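J.: Could you have a look at this structure, given as structure tokens, before my questions?
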Amino acid sequence: MPGQIYRTPGVYIHELAVAPARELRTGVPLFIGYAADGAAREPLAVSRWDEFRLAFGEPAPDRYLGYSVRGFFANGGTLCHVCAIDRGAPVAQALETLFTSLAKGELLARVDLVCVPEIQLFPGQAVALQQQLLDFCRIRAKEAGGYLFAILDSGKGADTEQVLQQRRALTGDDGALYYPWIKVGDGPVATNGCIPPCGHIAGIYSRSDQMYGVHKAPANEIVEEALDLETVLNDRDQGELNLENISCLRAFPGRGIRVWGARTVSRDPAWTYVNVRRLFLSICRNIEEKMAELVFEPNDATLWMRIRRELSGYLGGLHRSGAFQGEQPEEAFFVKCDSETNSSELRDQGLLVVVIGLAMAVPGEFIIVRIVQSDGRVTVTPDTGPVLPVPRKGSGDGSDIAIVTVYPDPPGADLAGEFVTLRNKGEAAVELTGWMLRDLAGHRYVFPQYTIHPGAEVKVWTKPGEDTLNDLYWGHRAPLWNNTGDIAYLYDARERLTSCYAYEGAASKKTTRRPKQG
């Protein structure tokens, strides 16, 4: 203990208090709507229904905010933030004013869900307002360090065709559309007691997160406080709506009203399911938080090792909790931070780059995430390319066009001698125009107009050069292939994986595979 004087010899034990790592909670929504007096309010943290009533007023037929927040707590929610917008302003303008304010503050780092039930007070503008919300989640929230997922409501009294039209008009990865509305005991007479379900769904998200983790799909869960549904769906309806990624609520005799779907509005197959997208967003939040602690550290091998250790420990904990696919850690995730991802050119620009892979759906097939630290800021973004599988020994050879060699460590300068060799093992010529070669770090080479004939080989050199019949040139001015091990991937013009080649140091091992096509 500082300042303590020891008057006798001996062994002294001091217990040092270590500040725990900050835990970023999930299942914490931001509710946006109208207060009883219609005035705009600063965001307020609310942990009990009574706190909301005192600050914003009782539920009322001319606004849905109170019903939604009450439904959140009734379904297991424990903490939310509530922000009242100005009822005297046009709703789109009021939302824009709020979004601008949120992007400048710190609240976005403390919430991960967003619900705006009052959108349904404006049926003619509802789709445009929901798109405004999705766009905020996609761009400005992330720029401000927020990773939000929007819970969207179908329209009042909508039939299946109307909700399908609503869904088709929405674009974005960070939201889910729920249908139909639910009936509560004191709901508005004008809607036959029915209200938008977003608040109740947010409570279910929160309850599921607390019990199982964000990686568990919030489906087959009872909707507490719901007495009935505005529209009763059958299996045929559900099947049609599932195809369009609409998350349904169903009523089952003896089993209550349940959430019977967990699909996002994304058109990207990688983000079809709510739990997969929310897990990804949660990982981004936590990684950004962890990386922010390292902004003043020297960008060298010591830092790279620390990053690999800390992020691997974090992702390993998620793997042990069941968040990823794959029995072994190497099938579930990887962390790459070394001289390959941090070339001297990047370091000279003040950039620190980390690449991680997450097996969200299939063991060994990774969603690639790129983390860049620059000027004290950390950005975490998914790679826009196809999902990368890790080849495993014995996975088979199902492609006529195969990667047969990666030569990463030639004598002399690596750049001068690096190349990848492809071979046509089939009996017909194959047009390679538009095909793509890619490494684990995400560098891509797109083939120019080129045809490879049966039995022929072509080398793709890393360095710049003039293409010839048997030699193509990537055009990089720095080596790409990691001498300590890497993976080469070959995709056809439709972005289907046709071949993989993995190597470890000087000893290479080849695996070619044709993955399942969904």
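The way I read the labels, and the way they are meant: chains A, B, ... in the order of the structure tokens, residue 1 as the first residue of every chain, and ligand 1 as the first ligand shown, with later ones counted on from there.
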Write out as a list in words the residues lying within 7 Å of segment 407-415 of chain A, counting only C-alpha atoms and excluding same-chain residues fewer than 5 positions away.

T.: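 So, after excluding close chain neighbours, the residues are Val420, Thr462, Lys463, Ala478, Pro479, Trp481, Asn482 and Asn483 of chain A.
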
J.: Would you list the contacts of Pro59 of chain A as a compact mmCIF listing (two decimals) with N, CA and C atoms, in the first residue's frame, taking every protein, DNA or RNA residue within 10 Å and counting only C-alpha atoms, but skipping same-chain residues closer than 6 positions in sequence?

T.:
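Result file result.txt:
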```
# COMPACT_ATOMS: atom_id res chain seq x y z
N ALA A 35 -43.59 11.55 -26.12
CA ALA A 35 -43.98 11.63 -24.72
C ALA A 35 -45.39 12.20 -24.63
N ALA A 36 -45.96 12.16 -23.43
CA ALA A 36 -47.34 12.63 -23.25
C ALA A 36 -47.50 14.09 -23.64
N ARG A 53 -43.15 5.61 -16.85
CA ARG A 53 -44.45 6.28 -16.65
C ARG A 53 -44.27 7.67 -16.06
N LEU A 65 -45.42 4.46 -27.98
CA LEU A 65 -44.18 4.33 -27.23
C LEU A 65 -44.39 3.65 -25.89
N GLY A 66 -45.41 4.08 -25.12
CA GLY A 66 -45.64 3.50 -23.80
C GLY A 66 -45.95 2.02 -23.86
N TYR A 67 -46.81 1.61 -24.80
CA TYR A 67 -47.11 0.19 -24.95
C TYR A 67 -45.84 -0.61 -25.23
N SER A 68 -44.98 -0.05 -26.07
CA SER A 68 -43.78 -0.78 -26.48
C SER A 68 -42.80 -0.94 -25.32
N VAL A 69 -42.59 0.13 -24.55
CA VAL A 69 -41.66 0.03 -23.43
C VAL A 69 -42.22 -0.91 -22.36
N ARG A 70 -43.52 -0.84 -22.11
CA ARG A 70 -44.12 -1.77 -21.14
C ARG A 70 -43.96 -3.21 -21.61
N ASP A 186 -55.30 -3.31 -22.97
CA ASP A 186 -55.73 -1.91 -22.96
C ASP A 186 -55.30 -1.18 -24.23
N GLY A 187 -55.18 -1.92 -25.32
CA GLY A 187 -54.73 -1.32 -26.56
C GLY A 187 -55.74 -0.33 -27.13
N PRO A 188 -55.34 0.49 -28.10
CA PRO A 188 -56.23 1.51 -28.66
C PRO A 188 -57.49 0.91 -29.27
```

J.: If I take atom CA of Ser266 of chain A and atom CA of Phe447 of chain A, how far is one from the other in Å, to one decimal?

T.: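 Result for atom CA of Ser266 of chain A versus atom CA of Phe447 of chain A: 29.4 Å, one decimal.
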
J.: From a DSSP calculation on the backbone, collect every residue of segment 62-236 of chain A in alpha helix (DSSP H) and output the set as JSON, numbers by chain.

T.: {"A": [65, 66, 67, 68, 69, 70, 71, 72, 73, 74, 91, 92, 93, 94, 95, 96, 97, 98, 99, 100, 101, 102, 103, 104, 126, 127, 128, 129, 130, 131, 132, 133, 134, 135, 136, 137, 138, 140, 141, 142, 143, 160, 161, 162, 163, 164, 165, 166, 167, 168, 198, 199, 200, 201, 202, 203, 204, 205, 206, 207, 208, 209, 210, 211, 235, 236]}

J.: Go through A:Leu281, A:Ala323, A:Ile204, A:Leu432 and flag the residue nearest Tyr445 of chain A, using only C-alpha atoms for the distances.

T.: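 Nearest candidate to Tyr445 of chain A out of A:Leu281, A:Ala323, A:Ile204, A:Leu432: A:Leu432.
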
J.: Could you jot down the atom CA of Thr302 of chain A to atom CA of Ala359 of chain A separation for me, Å, one decimal place?

T.: 27.1 Å

J.: Write out as a JSON list (two decimals) with C-alpha atoms, in the first residue's frame which residues come within 9 Å of Tyr34 of chain A when counting only C-alpha atoms, dropping same-chain ones fewer than 2 positions away.

T.:
```json
[["chain", "number", "residue", "atom", "x", "y", "z"],
["A", 32, "ILE", "CA", -37.82, 6.57, -29.95],
["A", 36, "ALA", "CA", -47.34, 12.63, -23.25],
["A", 37, "ASP", "CA", -46.61, 16.36, -23.66],
["A", 38, "GLY", "CA", -45.27, 15.96, -27.20],
["A", 39, "ALA", "CA", -41.99, 17.69, -26.36],
["A", 40, "ALA", "CA", -38.54, 16.49, -27.32],
["A", 56, "PHE", "CA", -42.99, 10.04, -20.34],
["A", 63, "ARG", "CA", -48.94, 7.02, -29.48],
["A", 64, "TYR", "CA", -47.36, 3.58, -29.19],
["A", 65, "LEU", "CA", -44.18, 4.33, -27.23],
["A", 66, "GLY", "CA", -45.64, 3.50, -23.80],
["A", 83, "CYS", "CA", -35.79, 9.39, -26.33],
["A", 84, "ALA", "CA", -38.84, 11.55, -27.05],
["A", 85, "ILE", "CA", -38.95, 13.46, -30.33],
["A", 86, "ASP", "CA", -40.79, 16.68, -31.08],
["A", 87, "ARG", "CA", -44.38, 15.93, -32.07],
["A", 118, "GLU", "CA", -44.42, 5.69, -33.73]]
```

J.: Measuring atom to atom with only C-alpha atoms, identify which of A:Gly199, A:Pro61, A:Ala292, A:Gln165 is nearest to Val82 of chain A.

T.: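 Using only C-alpha atoms, Val82 of chain A sits closest to A:Gly199.
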
J.: With distances taken over only C-alpha atoms, which of A:Val446, A:Ile139, A:Ala176, A:Val354 is nearest to Arg278 of chain A?

T.: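 Checking each of A:Val446, A:Ile139, A:Ala176, A:Val354 against Arg278 of chain A, counting only C-alpha atoms, the winner is A:Ala176.
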
J.: Which of segment 299-338 of chain A counts as strand (DSSP E or B) under DSSP, as a PyMOL selection string please?

T.: chain A and resi 333-336

J.: Would you put the residues from that selection into a file with C-alpha atoms, as a PDB file, in the first residue's frame?

T.:
```pdb
ATOM      1  CA  PHE A 333     -12.222 -18.451 -35.946  1.00  0.00           C
ATOM      2  CA  PHE A 334      -8.806 -17.055 -36.727  1.00  0.00           C
ATOM      3  CA  VAL A 335      -6.932 -13.846 -35.944  1.00  0.00           C
ATOM      4  CA  LYS A 336      -4.254 -12.559 -38.314  1.00  0.00           C
TER       5      LYS A 336
END
```

J.: Using only C-alpha atoms, which residues sit within 10 Å of Leu294 of chain A once same-chain residues fewer than 2 positions away are excluded, as JSON, numbers by chain?

T.: {"A": [289, 290, 291, 292, 296, 297, 298, 299, 303, 306, 307, 373, 376, 378]}

J.: If we count only C-alpha atoms, what is near Leu133 of chain A at a cut-off of 9 Å, once residues fewer than 6 positions away on the same chain are taken out, given as a list of chain:residue names?

T.: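 Listing them by chain and then by number gives A:Leu95, A:Phe99, A:Val114, A:Val116, A:Ala150.
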
J.: Counting only C-alpha atoms, what is within 7 Å of Val380 of chain A, bar same-chain residues fewer than 6 positions away, as a ChimeraX atom specification?

T.: /A:284,288,369-372

J.: Please list as a ChimeraX atom specification every residue within 7 Å of segment 435-444 of chain A, counting only C-alpha atoms and excluding residues in the same chain fewer than 3 positions away.

T.: /A:341,355,432,447,486-493

J.: Restricting the output to N, CA and C atoms, write the selected residues as a tab-separated table (two decimals), in the first residue's frame.

T.:
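Output (result.tsv):
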```tsv
chain	number	residue	atom	x	y	z
A	341	THR	N	-0.25	-8.48	-42.73
A	341	THR	CA	-1.36	-7.52	-42.72
A	341	THR	C	-0.87	-6.10	-42.45
A	355	VAL	N	-6.95	-8.85	-39.39
A	355	VAL	CA	-7.98	-9.58	-40.13
A	355	VAL	C	-8.42	-10.75	-39.27
A	432	LEU	N	-11.63	-18.19	-68.15
A	432	LEU	CA	-11.34	-17.70	-66.80
A	432	LEU	C	-11.65	-16.21	-66.63
A	447	PHE	N	-9.21	-12.15	-63.02
A	447	PHE	CA	-8.61	-12.57	-64.28
A	447	PHE	C	-9.10	-11.70	-65.43
A	486	ASP	N	-0.28	-19.69	-45.59
A	486	ASP	CA	-1.37	-18.89	-46.14
A	486	ASP	C	-2.33	-19.84	-46.84
A	487	ILE	N	-3.41	-19.28	-47.37
A	487	ILE	CA	-4.38	-20.06	-48.13
A	487	ILE	C	-4.74	-19.30	-49.39
A	488	ALA	N	-4.71	-19.98	-50.52
A	488	ALA	CA	-5.12	-19.39	-51.79
A	488	ALA	C	-6.51	-19.92	-52.14
A	489	TYR	N	-7.38	-19.03	-52.61
A	489	TYR	CA	-8.74	-19.39	-52.98
A	489	TYR	C	-8.99	-18.99	-54.42
A	490	LEU	N	-9.68	-19.84	-55.17
A	490	LEU	CA	-10.03	-19.54	-56.55
A	490	LEU	C	-11.55	-19.60	-56.70
A	491	TYR	N	-12.13	-18.52	-57.23
A	491	TYR	CA	-13.57	-18.42	-57.43
A	491	TYR	C	-13.86	-18.24	-58.91
A	492	ASP	N	-14.96	-18.84	-59.37
A	492	ASP	CA	-15.35	-18.63	-60.76
A	492	ASP	C	-16.05	-17.27	-60.90
A	493	ALA	N	-16.52	-16.98	-62.11
A	493	ALA	CA	-17.09	-15.66	-62.38
A	493	ALA	C	-18.39	-15.42	-61.63
```

J.: How many Å separate atom CA of Val460 of chain A from atom CA of Trp474 of chain A?

T.: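 If I compute the distance from atom CA of Val460 of chain A to atom CA of Trp474 of chain A, I get 6.6 Å.
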
J.: Could you check which of A:Glu224, A:Arg41, A:Ser282, A:Val259 is closest to Leu24 of chain A, using only C-alpha atoms?

T.: A:Ser282
